[in-house]
>>> print(open('structure04.txt').read())   # compact mmCIF, C-alpha atoms
# COMPACT_ATOMS: atom_id res chain seq x y z
CA MET A 1385 0.00 0.00 0.00
CA ARG A 1386 2.78 2.38 0.94
CA LYS A 1387 4.56 1.61 -2.32
CA GLY A 1388 1.36 2.43 -4.23
CA ILE A 1389 1.03 5.78 -2.45
CA ILE A 1390 4.63 6.65 -3.36
CA LEU A 1391 4.03 5.78 -7.01
CA ILE A 1392 0.86 7.88 -7.10
CA SER A 1393 2.73 10.79 -5.51
CA LEU A 1394 5.51 10.55 -8.09
CA PHE A 1395 2.91 10.41 -10.87
CA LEU A 1396 1.21 13.57 -9.57
CA ILE A 1397 4.55 15.34 -9.32
CA ALA A 1398 5.30 14.39 -12.94
CA ILE A 1399 1.93 15.74 -14.06
CA SER A 1400 2.53 18.94 -12.12
CA SER A 1401 5.95 19.44 -13.69
CA ASN A 1402 4.42 19.21 -17.19
CA ALA A 1403 1.42 21.41 -16.40
CA GLN A 1404 3.28 24.59 -17.25
CA VAL A 1405 0.95 27.34 -18.45
CA TRP A 1406 3.62 29.92 -19.23
CA VAL A 1407 7.11 30.15 -20.66
CA ASP A 1408 10.45 28.71 -19.64
CA SER A 1409 13.81 30.48 -19.64
CA GLY A 1410 15.16 31.46 -23.04
CA ALA A 1411 11.72 32.18 -24.51
CA VAL A 1412 11.69 34.14 -27.78
CA TRP A 1413 8.63 35.21 -29.77
CA HIS A 1414 8.39 36.73 -33.27
CA TYR A 1415 5.33 38.49 -34.73
CA ASP A 1416 5.02 40.10 -38.14
CA TYR A 1417 3.70 43.64 -37.97
CA SER A 1418 2.64 46.36 -40.40
CA ASN A 1419 1.43 49.94 -40.20
CA LEU A 1420 1.20 52.99 -42.43
CA ALA A 1421 4.88 53.91 -42.21
CA THR A 1422 6.73 50.62 -41.77
CA GLY A 1423 6.49 46.86 -41.54
CA GLY A 1424 8.68 44.08 -40.26
CA TYR A 1425 8.60 41.96 -37.17
CA VAL A 1426 8.38 42.35 -33.40
CA LYS A 1427 10.62 40.27 -31.18
CA TYR A 1428 9.98 39.54 -27.50
CA MET A 1429 12.68 37.99 -25.29
CA TYR A 1430 12.47 36.55 -21.78
CA GLU A 1431 15.60 38.01 -20.19
CA LYS A 1432 15.57 37.07 -16.52
CA ASP A 1433 13.53 36.66 -13.32
CA THR A 1434 13.00 39.54 -10.94
CA LEU A 1435 10.85 40.43 -7.92
CA ILE A 1436 8.03 42.98 -8.27
CA LEU A 1437 5.53 43.51 -5.43
CA ASN A 1438 6.84 40.27 -3.89
CA LYS A 1439 6.01 38.30 -7.04
CA LEU A 1440 8.69 36.33 -8.89
CA CYS A 1441 8.30 37.75 -12.40
CA GLN A 1442 9.64 37.09 -15.87
CA LYS A 1443 11.21 40.17 -17.45
CA ILE A 1444 10.24 40.24 -21.15
CA THR A 1445 11.67 42.91 -23.47
CA LYS A 1446 10.35 44.00 -26.85
CA SER A 1447 12.09 45.27 -29.98
CA SER A 1448 10.99 45.71 -33.58
CA MET A 1449 12.94 45.36 -36.81
CA ASP A 1450 11.53 47.93 -39.24
CA PHE A 1451 11.59 47.70 -43.05
CA TYR A 1452 10.06 49.39 -46.09
CA PHE A 1453 9.84 48.94 -49.86
CA ASP A 1454 10.95 51.79 -52.11
CA ILE A 1455 9.13 52.79 -55.32
CA ASN A 1456 11.16 50.16 -57.22
CA GLY A 1457 10.02 47.38 -54.90
CA ILE A 1458 13.42 47.01 -53.21
CA LEU A 1459 13.36 46.11 -49.52
CA HIS A 1460 15.25 48.45 -47.17
CA TYR A 1461 16.01 48.31 -43.46
CA TRP A 1462 14.94 51.30 -41.35
CA GLY A 1463 16.37 50.24 -38.02
CA GLU A 1464 15.65 48.56 -34.73
CA THR A 1465 13.25 50.13 -32.23
CA LYS A 1466 13.51 49.15 -28.59
CA GLY A 1467 10.05 48.88 -27.07
CA GLU A 1468 8.66 48.57 -23.60
CA THR A 1469 9.71 46.06 -20.94
CA ASN A 1470 6.95 43.84 -19.54
CA PHE A 1471 6.77 41.68 -16.45
CA THR A 1472 4.62 38.59 -15.93
CA TYR A 1473 4.01 36.02 -13.24
CA VAL A 1474 1.91 32.85 -13.02
CA SER A 1475 -0.55 31.61 -10.42
CA GLY A 1476 -2.36 28.37 -11.23
CA ASP A 1477 -3.97 28.66 -14.68
CA THR A 1478 -3.57 32.44 -14.79
CA VAL A 1479 -0.82 34.64 -16.26
CA PHE A 1480 -0.64 38.16 -14.80
CA TYR A 1481 1.15 41.17 -16.27
CA TYR A 1482 2.40 44.42 -14.73
CA ARG A 1483 0.91 47.71 -15.93
CA ASP A 1484 0.58 51.11 -14.26
CA ASP A 1485 2.14 49.96 -10.97
CA GLN A 1486 -0.17 46.98 -10.46
CA PHE A 1487 -0.84 43.50 -11.79
CA PHE A 1488 -3.73 42.59 -14.08
CA VAL A 1489 -4.89 39.23 -15.41
CA MET A 1490 -3.51 38.74 -18.91
CA TYR A 1491 -4.58 35.15 -19.71
CA ASN A 1492 -6.71 32.69 -17.71
CA PHE A 1493 -6.49 29.26 -19.34
CA GLY A 1494 -9.06 27.86 -16.92
CA ALA A 1495 -11.70 30.38 -18.05
CA SER A 1496 -15.05 29.60 -19.66
CA VAL A 1497 -16.82 31.23 -22.61
CA GLY A 1498 -18.33 34.54 -21.48
CA ASP A 1499 -15.79 35.18 -18.71
CA THR A 1500 -14.25 38.66 -18.63
CA TRP A 1501 -11.37 40.31 -16.79
CA ILE A 1502 -9.86 43.78 -16.53
CA VAL A 1503 -6.58 44.38 -18.38
CA SER A 1504 -6.12 48.13 -17.75
CA THR A 1505 -7.61 51.02 -15.77
CA THR A 1506 -5.95 53.94 -17.58
CA ASN A 1507 -6.81 55.82 -20.76
CA GLU A 1508 -4.09 58.12 -22.08
CA LEU A 1509 -6.15 59.63 -24.90
CA GLY A 1510 -9.12 60.66 -22.75
CA TYR A 1511 -11.64 58.81 -24.89
CA CYS A 1512 -12.94 55.23 -24.63
CA ASN A 1513 -13.55 53.55 -21.27
CA ASP A 1514 -11.08 54.13 -18.46
CA THR A 1515 -11.48 50.45 -17.52
CA SER A 1516 -10.57 48.05 -20.33
CA SER A 1517 -11.60 44.39 -20.31
CA VAL A 1518 -11.40 41.31 -22.51
CA GLU A 1519 -13.98 38.57 -23.02
CA VAL A 1520 -13.51 34.84 -23.63
CA THR A 1521 -15.31 33.84 -26.85
CA GLY A 1522 -14.04 30.27 -27.18
CA THR A 1523 -11.96 27.56 -25.49
CA GLY A 1524 -10.43 24.23 -26.49
CA THR A 1525 -7.23 22.26 -26.88
CA MET A 1526 -4.75 21.73 -29.70
CA MET A 1527 -1.57 19.74 -30.25
CA ILE A 1528 1.74 21.56 -30.67
CA ASN A 1529 5.08 19.72 -30.62
CA GLY A 1530 3.20 16.60 -29.55
CA ILE A 1531 1.77 18.33 -26.46
CA SER A 1532 -1.95 18.96 -25.86
CA LEU A 1533 -2.33 22.62 -24.88
CA ARG A 1534 -5.37 24.64 -23.87
CA TYR A 1535 -6.34 27.79 -25.70
CA ILE A 1536 -8.76 30.67 -25.20
CA ASN A 1537 -10.14 33.01 -27.85
CA LEU A 1538 -10.28 36.63 -26.66
CA ARG A 1539 -11.69 39.95 -27.79
CA PRO A 1540 -11.89 43.40 -26.16
CA THR A 1541 -15.18 44.40 -24.57
CA PRO A 1542 -16.99 47.36 -26.23
CA ASN A 1543 -15.21 50.74 -26.04
CA SER A 1544 -12.14 49.41 -24.24
CA PHE A 1545 -8.96 51.37 -24.97
CA VAL A 1546 -6.67 48.38 -24.28
CA GLY A 1547 -7.32 44.82 -25.40
CA LEU A 1548 -6.34 41.42 -26.73
CA LYS A 1549 -7.78 39.67 -29.78
CA GLY A 1550 -7.32 36.22 -31.25
CA LYS A 1551 -6.24 32.76 -30.09
CA TYR A 1552 -4.04 32.55 -26.96
CA ILE A 1553 -2.50 29.24 -26.02
CA GLU A 1554 -0.79 28.18 -22.81
CA ARG A 1555 3.03 28.10 -22.88
CA ILE A 1556 3.09 30.59 -25.80
CA GLY A 1557 0.47 33.35 -25.83
CA CYS A 1558 -1.06 34.67 -29.07
CA ILE A 1559 -0.71 32.32 -32.07
CA SER A 1560 -3.19 34.02 -34.41
CA THR A 1561 -2.23 34.20 -38.08
CA GLY A 1562 -3.86 36.45 -40.64
CA THR A 1563 -3.03 40.07 -39.90
CA GLY A 1564 -5.16 41.80 -37.26
CA ASP A 1565 -4.95 44.46 -34.59
CA LEU A 1566 -4.22 43.36 -30.98
CA GLN A 1567 -2.92 39.96 -32.15
CA THR A 1568 0.25 40.16 -30.10
CA LEU A 1569 1.67 39.03 -26.79
CA PHE A 1570 0.58 41.79 -24.39
CA PRO A 1571 -2.59 43.89 -24.14
CA SER A 1572 -2.20 47.03 -26.24
CA GLU A 1573 -4.07 50.15 -27.38
CA TYR A 1574 -6.30 50.15 -30.43
CA GLN A 1575 -9.02 52.13 -32.25
CA CYS A 1576 -11.82 51.96 -29.67
CA ASP A 1577 -15.44 52.70 -30.55
CA SER A 1578 -15.60 56.31 -29.32
CA LEU A 1579 -12.21 57.57 -30.53
CA PRO A 1580 -13.24 60.57 -32.72
CA PHE A 1581 -10.21 60.41 -35.03
CA GLU A 1582 -8.23 57.70 -36.75
CA VAL A 1583 -5.03 56.55 -35.06
CA GLU A 1584 -2.98 54.13 -37.12
CA PHE A 1585 -2.22 51.23 -34.77
CA SER A 1586 -0.07 48.32 -35.93
CA MET A 1587 -1.46 45.03 -37.24
CA TYR A 1588 0.14 41.75 -36.13
CA GLN A 1589 0.31 38.04 -36.84
CA PHE A 1590 2.19 35.21 -35.13
CA ARG A 1591 5.45 33.99 -36.64
CA CYS A 1592 7.28 31.64 -34.25
CA PHE A 1593 8.14 30.77 -30.64
CA GLU A 1594 10.57 28.63 -28.66
CA ASP A 1595 12.09 28.34 -25.19
CA GLN A 1596 14.68 26.07 -23.58
CA SER A 1597 12.16 23.26 -22.95
CA PHE A 1598 9.82 23.82 -25.92
CA PRO A 1599 11.11 23.20 -29.48
CA LEU A 1600 10.70 25.84 -32.16
CA PHE A 1601 7.07 26.33 -33.22
CA ASN A 1602 7.28 28.05 -36.61
CA VAL A 1603 4.20 28.75 -38.75
CA VAL A 1604 5.87 30.75 -41.56
CA GLY A 1605 8.11 28.11 -43.11
CA GLU A 1606 11.25 30.29 -43.09
CA ASP A 1607 13.76 31.63 -40.59
CA CYS A 1608 12.13 33.71 -37.83
CA GLU A 1609 14.31 36.69 -38.81
CA ALA A 1610 14.37 36.08 -42.57
CA LEU A 1611 13.81 39.77 -43.44
CA LEU A 1612 17.23 40.63 -42.03
CA ASP A 1613 18.77 38.04 -44.33
CA HIS A 1614 16.99 39.59 -47.33
CA VAL A 1615 18.69 42.95 -46.77
CA GLY A 1616 22.00 41.59 -45.48
CA ILE A 1617 21.77 43.18 -42.03
CA GLN A 1618 23.36 41.91 -38.85
CA HIS A 1619 21.00 43.16 -36.16
CA HIS A 1620 23.57 43.42 -33.38
CA SER A 1621 24.81 46.79 -34.71
CA LYS A 1622 21.55 48.77 -34.41
CA LYS A 1623 21.26 52.05 -32.51
CA GLU A 1624 18.77 52.23 -29.64
CA LEU A 1625 16.18 54.95 -30.15
CA PHE A 1626 13.06 55.92 -28.13
CA CYS A 1627 10.58 58.76 -28.71
CA TYR A 1628 8.11 59.64 -25.96
CA PRO A 1629 5.42 60.48 -25.11
CA ASN A 1630 3.60 59.10 -28.14
CA PRO A 1631 0.92 60.38 -28.65
CA THR A 1632 2.24 63.80 -27.65
CA GLY A 1633 0.75 67.22 -26.99
CA GLY A 1634 3.79 68.86 -28.57
CA ILE A 1635 7.11 68.10 -26.85
CA VAL A 1636 8.82 64.88 -27.95
CA ASN A 1637 11.65 63.53 -25.81
CA ILE A 1638 14.38 61.47 -27.46
CA ASN A 1639 16.36 58.80 -25.66
CA THR A 1640 19.08 57.23 -27.77
CA SER A 1641 22.45 55.49 -27.66
CA ILE A 1642 23.69 57.82 -30.45
CA THR A 1643 26.73 59.78 -29.25
CA GLU A 1644 27.32 62.06 -32.27
CA ASN A 1645 25.28 64.93 -33.72
CA TYR A 1646 22.53 63.97 -36.16
CA THR A 1647 19.55 65.44 -38.05
CA ILE A 1648 15.83 64.82 -37.62
CA VAL A 1649 13.54 65.62 -40.55
CA LEU A 1650 9.84 66.01 -39.74
CA TYR A 1651 7.38 64.91 -42.46
CA SER A 1652 3.63 64.89 -42.79
CA ILE A 1653 2.03 61.45 -43.09
CA PHE A 1654 1.93 62.09 -46.86
CA GLY A 1655 5.70 62.56 -47.07
CA THR A 1656 5.86 66.37 -47.25
CA GLU A 1657 8.90 67.78 -45.46
CA ILE A 1658 7.90 70.23 -42.70
CA GLN A 1659 10.98 71.02 -40.62
CA LYS A 1660 14.54 69.96 -39.86
CA PHE A 1661 16.10 69.71 -36.40
CA GLU A 1662 19.82 69.54 -35.70
CA ILE A 1663 20.20 67.31 -32.64
CA SER A 1664 23.15 66.83 -30.32
CA PRO A 1665 23.43 64.30 -27.49
CA ASN A 1666 22.76 67.20 -25.07
CA ASN A 1667 19.68 68.45 -26.93
CA SER A 1668 17.15 65.62 -26.74
CA THR A 1669 13.75 67.21 -27.37
CA ILE A 1670 11.83 68.63 -30.32
CA ASP A 1671 8.75 70.86 -30.21
CA MET A 1672 5.71 70.01 -32.36
CA SER A 1673 3.22 72.12 -30.37
CA HIS A 1674 2.72 74.57 -33.29
CA LEU A 1675 1.51 71.79 -35.61
CA PRO A 1676 -2.08 70.63 -36.19
CA ASN A 1677 -3.14 67.38 -34.60
CA GLY A 1678 -2.41 64.36 -36.75
CA ILE A 1679 0.14 61.68 -37.62
CA TYR A 1680 3.72 62.66 -38.49
CA LEU A 1681 6.95 60.89 -39.42
CA LEU A 1682 10.36 61.65 -37.88
CA GLU A 1683 13.34 60.60 -39.98
CA PHE A 1684 16.54 60.27 -37.93
CA GLN A 1685 19.49 60.81 -40.27
CA ILE A 1686 22.18 59.16 -38.19
CA SER A 1687 24.74 58.77 -40.96
CA LYS A 1688 24.88 58.65 -44.76
CA ASN A 1689 23.78 55.02 -44.80
CA GLU A 1690 21.72 54.79 -41.61
CA HIS A 1691 18.28 56.36 -41.40
CA VAL A 1692 15.52 55.46 -38.91
CA VAL A 1693 11.88 56.56 -39.21
CA LYS A 1694 9.48 56.91 -36.26
CA LYS A 1695 5.76 57.62 -36.36
CA ILE A 1696 4.48 60.28 -33.93
CA VAL A 1697 0.85 61.10 -33.16
CA LYS A 1698 0.22 64.76 -32.24
CA LEU A 1699 -2.93 65.41 -30.15
>>> encode(input="structure04.txt", output="structure tokens")
Amino acid sequence: MRKGIILISLFLIAISSNAQVWVDSGAVWHYDYSNLATGGYVKYMYEKDTLILNKLCQKITKSSMDFYFDINGILHYWGETKGETNFTYVSGDTVFYYRDDQFFVMYNFGASVGDTWIVSTTNELGYCNDTSSVEVTGTGTMMINGISLRYINLRPTPNSFVGLKGKYIERIGCISTGTGDLQTLFPSEYQCDSLPFEVEFSMYQFRCFEDQSFPLFNVVGEDCEALLDHVGIQHHSKKELFCYPNPTGGIVNINTSITENYTIVLYSIFGTEIQKFEISPNNSTIDMSHLPNGIYLLEFQISKNEHVVKKIVKL
């Protein structure tokens, strides 16, 4: 009898060790993205564990590799953009993420159709609902790498400013293909019902995922970073470049690893040049407060052969 109890205990431990609902160390995700100014792919990387509010969290960083086609159909590289850092932790079937100094439910793989949860309680644009939620519209299981995994289908509730959309599977997150807004790893902003003007948010689709205990899951049939191969770029040499806040009321702050002087050219969304700014490492802001509200492009002319373009929304 005692031997049977030990065997059952070992069996339960084995089940528990395989019942992982979130990522392992070394996790890397790739999503294709496109918007009005650029296209390319977004890359998320699980960097390390850290404590936040007494929770052991996974630190996940985001970057995007940005490309465009010229009028002759030739693919060009615009640069790498470092995005936000996110933090997640797991409790049971639920993955939480850190936003605005608190944790929100991101995915609940034990949820049922019709369940909802809050993903944000802030609204930077002043329109839409201050409280954003998502709703479960479907559940099920599917086999990936020989493992049966649960999934949930999600959509934002009406007039939410922040949301998720598509199929989200345990161990990975969003695996939706076919380009759509919100089809990415973390809840993000989108064109909510009551926003009185058009803001051009990016469209996404899943490309591939792997971590140290989960073999590569690739749905595109080519290398996860194939676009870099097409233009002959080694991505380790990119400059870091951040513009914030975005959207902005006028003043745009620039945080960059560039150490030499460079030029920023401001364009309308239609490509008309508006103004040039000569920037030094000690002068890291530009003023757009005199311009009408709308979408603009900032071209960073770092060197003769290195240009980076950022989209800025002026409100």
>>> residues_near_point(input="structure04.txt", point="(-12.3, 40.9, -27.5)", cutoff="8 Å", atoms="only C-alpha atoms", output="PyMOL selection string")
chain A and resi 1518-1521+1538-1541+1547-1550
>>> closest_atom_pairs(input="structure04.txt", of="stretch 1485-1557 of chain A", to="stretch 1590-1609 of chain A", cutoff="8 Å", atoms="all atoms listed in the file", output="JSON lines")
{"residue": "A:Ile1528", "atom": "CA", "partner": "A:Phe1601", "partner_atom": "CA", "distance": 7.6}
{"residue": "A:Asn1529", "atom": "CA", "partner": "A:Pro1599", "partner_atom": "CA", "distance": 7.1}
{"residue": "A:Ile1556", "atom": "CA", "partner": "A:Phe1593", "partner_atom": "CA", "distance": 7.0}
>>> residues_around(input="structure04.txt", residues="A:Tyr1552", least_positions_apart="4", cutoff="6 Å", atoms="only C-alpha atoms", output="list of chain:residue names")
A:Tyr1535, A:Ile1536, A:Gly1557, A:Cys1558
>>> residues_around(input="structure04.txt", residues="stretch 1665-1682 of chain A", least_positions_apart="4", cutoff="6 Å", atoms="all atoms listed in the file", output="list in words")
Gly1634, Ile1635, Val1636, Asn1637, Ile1638, Thr1643, Val1649, Leu1650, Tyr1651, Ser1652, Ile1653, Val1693, Lys1694, Lys1695, Ile1696, Val1697, Lys1698 and Leu1699 of chain A
>>> write_last_selection(input="structure04.txt", atoms="C-alpha atoms", output="compact mmCIF listing (two decimals), in the coordinates of the input")
# COMPACT_ATOMS: atom_id res chain seq x y z
CA GLY A 1634 3.79 68.86 -28.57
CA ILE A 1635 7.11 68.10 -26.85
CA VAL A 1636 8.82 64.88 -27.95
CA ASN A 1637 11.65 63.53 -25.81
CA ILE A 1638 14.38 61.47 -27.46
CA THR A 1643 26.73 59.78 -29.25
CA VAL A 1649 13.54 65.62 -40.55
CA LEU A 1650 9.84 66.01 -39.74
CA TYR A 1651 7.38 64.91 -42.46
CA SER A 1652 3.63 64.89 -42.79
CA ILE A 1653 2.03 61.45 -43.09
CA VAL A 1693 11.88 56.56 -39.21
CA LYS A 1694 9.48 56.91 -36.26
CA LYS A 1695 5.76 57.62 -36.36
CA ILE A 1696 4.48 60.28 -33.93
CA VAL A 1697 0.85 61.10 -33.16
CA LYS A 1698 0.22 64.76 -32.24
CA LEU A 1699 -2.93 65.41 -30.15
>>> atom_distance(input="structure04.txt", atom1="atom CA of A:Tyr1646", atom2="atom CA of A:Asn1419")
25.7 Å
>>> closest_residue(input="structure04.txt", among="A:Val1546, A:Ala1495, A:Val1479, A:Ile1648", to="A:Asn1513", atoms="all atoms listed in the file")
A:Val1546
>>> atom_distance(input="structure04.txt", atom1="atom CA of A:Gly1564", atom2="atom CA of A:Trp1413")
17.0 Å
>>> atom_distance(input="structure04.txt", atom1="atom CA of A:Ile1663", atom2="atom CA of A:Tyr1461")
22.3 Å
>>> closest_residue(input="structure04.txt", among="A:Ser1496, A:Ser1544, A:Thr1506, A:Gln1659", to="A:Thr1523", atoms="all atoms listed in the file")
A:Ser1496
>>> residues_near_point(input="structure04.txt", point="(-2.5, 44.6, -11.0)", cutoff="12 Å", atoms="all atoms listed in the file", output="number ranges by chain")
A: 1436-1437, 1439, 1471-1473, 1479-1490, 1501-1506
>>> closest_residue(input="structure04.txt", among="A:Ser1532, A:His1414, A:Val1405, A:Phe1451", to="A:Ile1559", atoms="all atoms listed in the file")
A:His1414
>>> closest_residue(input="structure04.txt", among="A:Phe1661, A:Tyr1574, A:Tyr1628, A:Phe1493", to="A:Glu1554", atoms="all atoms listed in the file")
A:Phe1493
>>> closest_residue(input="structure04.txt", among="A:Met1587, A:Ile1658, A:Leu1569, A:Asn1507", to="A:Met1429", atoms="only C-alpha atoms")
A:Leu1569
>>> closest_residue(input="structure04.txt", among="A:Gln1589, A:Gly1463, A:Pro1631, A:Gly1655", to="A:Gly1510", atoms="only C-alpha atoms")
A:Pro1631
>>> residues_around(input="structure04.txt", residues="stretch 1446-1449 of chain A", least_positions_apart="6", cutoff="8 Å", atoms="all atoms listed in the file", output="ChimeraX atom specification")
/A:1424-1429,1461-1469
